[in-house]
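Input: a single structure, listed below in structure tokens.
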Amino acid sequence: MKLAFITGASSGLGKETALTLARHGFDIIIHFGKNEQGAMETKKLVEESGQKSYLFQYDLSDVSNLEETLENFFKDNKIQHPSVLVNNAGIHSDSPAPLMDYDQFDKVMKVNLYAPFVLSKWFCRHFRRGNKAQIINISSISGKLGNIGQANYAASKAGLLGLTKSFALENAKRGIRVNAICVGVVETKMIEGIEHLEKIKPMIPMQRFGKASEIAQVIKFLCSDDSSYMTGQTINVDGGLIRD
Ligand SMILES: NC(=O)c1ccc[n+]([C@@H]2O[C@H](COP(=O)([O-])OP(=O)(O)OC[C@H]3O[C@@H](n4cnc5c(N)ncnc54)[C@H](O)[C@@H]3O)[C@@H](O)[C@H]2O)c1
């Protein structure tokens, strides 16, 4: 049985990833924060594709009870531990650095970096023995390029790349692979209302924004044996914007 735990699976990339992995035989643990309706919709669609799904609610802006909540969730539901963790949930809260207060910086770091650290640590301890396991971290081009008004977001996404490499090194011998995706601009709720984005489009070699499904397909590849010799890597999926 293949089981994936996906954070922020009630919308956008997380939802699309849940549906894509379900179509490829994964049962899904749908993590969500506040958007219960979105999570229920994901659950319905996963089950329509013939796979099992479970809902896991937790606000990732405070990780103090996260490990205990995970312990209880797996005990109460009597399900085995997954072999895939997708750290997808993320937020941005933009303003020029001189105007950014500590709470604004902290909240983004907590959801985007601290929570993936706690989740990765917990799952590395609990991934089933002998089972090939994967962690996929959803980073951003902002983590490589920086971005005006996004000191907090860019720092969190750059930090996620360091986390990816360190966890990859520490866990390679145990058969746990850890990779990251640097997502370009993708049409989801997250980018709604960001004014300067249209100016970015002409700078993208492919001259368009991405679709959630184009990220989900790469996640599916990283979750499969087709990528069995890859760990510690960052894949840019951004229409050709970053070429490193
Ligand atoms: N859309 C883009 O252009 C883009 C670009 C680069 C990176 N990303 C990254 O992709 C990931 C998914 O974003 P998306 O574009 O699908 O946007 P989205 O807003 O639809 O998804 C973000 C998800 O994170 C969850 N979340 C946010 N705060 C949470 C909290 N405190 N507790 C629990 N869950 C919380 C939300 O409920 C939501 O499901 C994010 O990590 C984002 O940074 C997106």
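Note on naming: chains are A, B, ... as they come in the structure tokens, residues start from 1 per chain, ligands start from 1 in the order shown.
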
Output as a Markdown table one row per residue of range 165-217 of chain A within 12 Å of range 14-20 of chain A: the closest atom pair and its distance in Å to one decimal place, counting only C-alpha atoms, sorted by chain and residue number ascending.
```
| residue | atom | partner | partner_atom | distance |
| --- | --- | --- | --- | --- |
| A:Glu187 | CA | A:Glu16 | CA | 11.9 |
| A:Thr188 | CA | A:Gly14 | CA | 10.4 |
| A:Lys189 | CA | A:Gly14 | CA | 11.6 |
| A:Met190 | CA | A:Gly14 | CA | 11.9 |
| A:Lys211 | CA | A:Glu16 | CA | 9.7 |
| A:Ala212 | CA | A:Glu16 | CA | 6.3 |
| A:Ser213 | CA | A:Glu16 | CA | 6.1 |
| A:Glu214 | CA | A:Glu16 | CA | 9.4 |
| A:Ile215 | CA | A:Thr17 | CA | 7.9 |
| A:Ala216 | CA | A:Thr17 | CA | 4.7 |
| A:Gln217 | CA | A:Thr20 | CA | 7.2 |
```

Distance table requested - chain A against ligand 1, cut-off 6 Å, only C-alpha atoms and all ligand atoms: one row per qualifying residue with the closest atom pair and its distance in Å to one decimal, ordered by chain and rising residue number, as a tab-separated table.
```
residue	atom	partner	partner_atom_place_in_ligand_line	distance
A:Gly8	CA	ligand 1	39 (O)	3.5
A:Ala9	CA	ligand 1	39 (O)	5.2
A:Ser10	CA	ligand 1	39 (O)	4.7
A:Ser11	CA	ligand 1	20 (O)	4.4
A:Gly12	CA	ligand 1	16 (O)	3.4
A:Leu13	CA	ligand 1	16 (O)	3.8
A:Gly14	CA	ligand 1	16 (O)	5.7
A:Phe32	CA	ligand 1	34 (N)	5.1
A:Gly33	CA	ligand 1	33 (C)	3.5
A:Asn35	CA	ligand 1	37 (O)	5.8
A:Tyr58	CA	ligand 1	33 (C)	5.8
A:Asp59	CA	ligand 1	32 (N)	3.6
A:Leu60	CA	ligand 1	32 (N)	3.8
A:Ser61	CA	ligand 1	31 (N)	4.3
A:Asn88	CA	ligand 1	41 (O)	4.6
A:Ala89	CA	ligand 1	24 (O)	3.4
A:Gly90	CA	ligand 1	41 (O)	3.5
A:Ile91	CA	ligand 1	27 (C)	5.1
A:Val111	CA	ligand 1	31 (N)	5.6
A:Ile138	CA	ligand 1	41 (O)	5.4
A:Ser139	CA	ligand 1	7 (C)	5.5
A:Ser140	CA	ligand 1	6 (C)	4.1
A:Val183	CA	ligand 1	6 (C)	4.3
A:Gly184	CA	ligand 1	5 (C)	5.0
A:Val185	CA	ligand 1	3 (O)	3.6
A:Val186	CA	ligand 1	3 (O)	3.7
A:Glu187	CA	ligand 1	1 (N)	5.7
A:Thr188	CA	ligand 1	15 (O)	4.8
A:Lys189	CA	ligand 1	20 (O)	4.8
A:Met190	CA	ligand 1	17 (O)	4.1
A:Ile191	CA	ligand 1	1 (N)	5.6
```

From a DSSP calculation on the backbone, collect every residue of range 25-181 of chain A in strand (DSSP E) and output the set as a tab-separated table (two decimals) with C-alpha atoms, in the first residue's frame.
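Saved result, states.tsv, follows:
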```tsv
chain	number	residue	atom	x	y	z
A	26	PHE	CA	-1.60	6.43	-3.42
A	27	ASP	CA	-3.93	6.67	-0.46
A	28	ILE	CA	-3.77	10.23	0.85
A	29	ILE	CA	-3.63	11.91	4.25
A	30	ILE	CA	-5.06	15.35	3.51
A	31	HIS	CA	-3.62	17.91	5.90
A	32	PHE	CA	-5.45	21.22	6.16
A	53	SER	CA	-8.20	9.29	2.26
A	54	TYR	CA	-7.92	10.67	5.79
A	55	LEU	CA	-8.26	14.23	7.07
A	56	PHE	CA	-5.63	15.72	9.38
A	57	GLN	CA	-6.36	19.20	10.72
A	84	VAL	CA	5.75	10.02	1.25
A	85	LEU	CA	5.67	13.44	2.92
A	86	VAL	CA	4.99	16.50	0.75
A	87	ASN	CA	5.73	19.72	2.64
A	133	ALA	CA	10.45	6.81	1.56
A	134	GLN	CA	10.46	10.31	0.12
A	135	ILE	CA	10.16	13.85	1.35
A	136	ILE	CA	9.35	16.54	-1.22
A	137	ASN	CA	9.69	20.15	-0.11
A	138	ILE	CA	7.86	22.86	-2.06
A	139	SER	CA	10.18	25.84	-2.28
A	140	SER	CA	10.05	28.83	-4.60
A	176	ILE	CA	14.91	8.02	2.50
A	177	ARG	CA	15.21	10.46	-0.40
A	178	VAL	CA	14.65	14.18	0.14
A	179	ASN	CA	14.22	16.60	-2.77
A	180	ALA	CA	12.85	20.08	-3.35
A	181	ILE	CA	11.00	21.87	-6.13
```

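For range 33-86 of chain A, the set of residues given helix (DSSP H, G or I) by DSSP on the backbone reads A:Glu36, A:Gln37, A:Gly38, A:Ala39, A:Met40, A:Glu41, A:Thr42, A:Lys43, A:Lys44, A:Leu45, A:Val46, A:Glu47, A:Glu48, A:Leu66, A:Glu67, A:Glu68, A:Thr69, A:Leu70, A:Glu71, A:Asn72, A:Phe73, A:Phe74, A:Lys75, A:Asp76, A:Asn77.
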
For the residues selected in the previous step, produce a file with N, CA and C atoms as a JSON list (two decimals), in the first residue's frame.
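Heads up, here's the output in again.json:
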```json
[["chain", "number", "residue", "atom", "x", "y", "z"],
["A", 36, "GLU", "N", -11.69, 23.65, 5.86],
["A", 36, "GLU", "CA", -12.27, 22.31, 5.97],
["A", 36, "GLU", "C", -13.07, 21.93, 4.71],
["A", 37, "GLN", "N", -13.75, 22.94, 4.15],
["A", 37, "GLN", "CA", -14.56, 22.69, 2.95],
["A", 37, "GLN", "C", -13.67, 22.22, 1.78],
["A", 38, "GLY", "N", -12.55, 22.89, 1.63],
["A", 38, "GLY", "CA", -11.59, 22.51, 0.58],
["A", 38, "GLY", "C", -11.06, 21.10, 0.82],
["A", 39, "ALA", "N", -10.78, 20.79, 2.09],
["A", 39, "ALA", "CA", -10.25, 19.46, 2.42],
["A", 39, "ALA", "C", -11.28, 18.38, 2.12],
["A", 40, "MET", "N", -12.56, 18.67, 2.40],
["A", 40, "MET", "CA", -13.63, 17.70, 2.12],
["A", 40, "MET", "C", -13.76, 17.46, 0.61],
["A", 41, "GLU", "N", -13.59, 18.53, -0.15],
["A", 41, "GLU", "CA", -13.66, 18.43, -1.62],
["A", 41, "GLU", "C", -12.51, 17.54, -2.13],
["A", 42, "THR", "N", -11.30, 17.78, -1.58],
["A", 42, "THR", "CA", -10.15, 16.93, -1.98],
["A", 42, "THR", "C", -10.44, 15.47, -1.64],
["A", 43, "LYS", "N", -10.98, 15.26, -0.44],
["A", 43, "LYS", "CA", -11.28, 13.89, 0.02],
["A", 43, "LYS", "C", -12.25, 13.19, -0.95],
["A", 44, "LYS", "N", -13.28, 13.93, -1.32],
["A", 44, "LYS", "CA", -14.29, 13.36, -2.23],
["A", 44, "LYS", "C", -13.63, 12.94, -3.56],
["A", 45, "LEU", "N", -12.80, 13.84, -4.09],
["A", 45, "LEU", "CA", -12.18, 13.56, -5.39],
["A", 45, "LEU", "C", -11.18, 12.40, -5.31],
["A", 46, "VAL", "N", -10.43, 12.35, -4.19],
["A", 46, "VAL", "CA", -9.47, 11.24, -4.01],
["A", 46, "VAL", "C", -10.24, 9.92, -3.98],
["A", 47, "GLU", "N", -11.34, 9.91, -3.24],
["A", 47, "GLU", "CA", -12.10, 8.66, -3.10],
["A", 47, "GLU", "C", -12.80, 8.28, -4.41],
["A", 48, "GLU", "N", -13.17, 9.29, -5.20],
["A", 48, "GLU", "CA", -13.76, 8.99, -6.53],
["A", 48, "GLU", "C", -12.74, 8.28, -7.43],
["A", 66, "LEU", "N", 2.50, 19.63, 17.49],
["A", 66, "LEU", "CA", 2.41, 18.90, 16.22],
["A", 66, "LEU", "C", 2.82, 17.42, 16.36],
["A", 67, "GLU", "N", 3.93, 17.18, 17.04],
["A", 67, "GLU", "CA", 4.40, 15.79, 17.14],
["A", 67, "GLU", "C", 3.40, 14.93, 17.92],
["A", 68, "GLU", "N", 2.89, 15.49, 18.99],
["A", 68, "GLU", "CA", 1.91, 14.75, 19.82],
["A", 68, "GLU", "C", 0.62, 14.49, 19.01],
["A", 69, "THR", "N", 0.21, 15.50, 18.23],
["A", 69, "THR", "CA", -1.01, 15.34, 17.42],
["A", 69, "THR", "C", -0.82, 14.25, 16.37],
["A", 70, "LEU", "N", 0.39, 14.21, 15.78],
["A", 70, "LEU", "CA", 0.67, 13.15, 14.79],
["A", 70, "LEU", "C", 0.62, 11.77, 15.45],
["A", 71, "GLU", "N", 1.27, 11.64, 16.62],
["A", 71, "GLU", "CA", 1.25, 10.35, 17.36],
["A", 71, "GLU", "C", -0.19, 9.89, 17.55],
["A", 72, "ASN", "N", -1.05, 10.79, 18.06],
["A", 72, "ASN", "CA", -2.44, 10.44, 18.36],
["A", 72, "ASN", "C", -3.21, 10.11, 17.10],
["A", 73, "PHE", "N", -2.96, 10.87, 16.02],
["A", 73, "PHE", "CA", -3.67, 10.65, 14.76],
["A", 73, "PHE", "C", -3.43, 9.22, 14.24],
["A", 74, "PHE", "N", -2.16, 8.82, 14.23],
["A", 74, "PHE", "CA", -1.86, 7.48, 13.67],
["A", 74, "PHE", "C", -2.36, 6.38, 14.60],
["A", 75, "LYS", "N", -2.29, 6.63, 15.91],
["A", 75, "LYS", "CA", -2.78, 5.64, 16.87],
["A", 75, "LYS", "C", -4.31, 5.52, 16.75],
["A", 76, "ASP", "N", -5.01, 6.66, 16.74],
["A", 76, "ASP", "CA", -6.48, 6.64, 16.74],
["A", 76, "ASP", "C", -7.04, 6.05, 15.45],
["A", 77, "ASN", "N", -6.42, 6.39, 14.31],
["A", 77, "ASN", "CA", -6.95, 5.92, 13.03],
["A", 77, "ASN", "C", -6.46, 4.53, 12.64]]
```

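Counting only C-alpha atoms, the residue from A:Ile242, A:Ile194, A:Leu222, A:Met206 that sits nearest to Gly143 in chain A is A:Ile242.
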
Quiz prompt | Contact residues around Gln207 in chain A with only C-alpha atoms at 10 Å, ignoring same-chain residues under 3 positions, as an MDAnalysis selection string | solution = chainID A and resid 200:204 210 239:241

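Relative to CA of Gly159 in chain A, CA of Ser95 in chain A is found at 19.3 Å.
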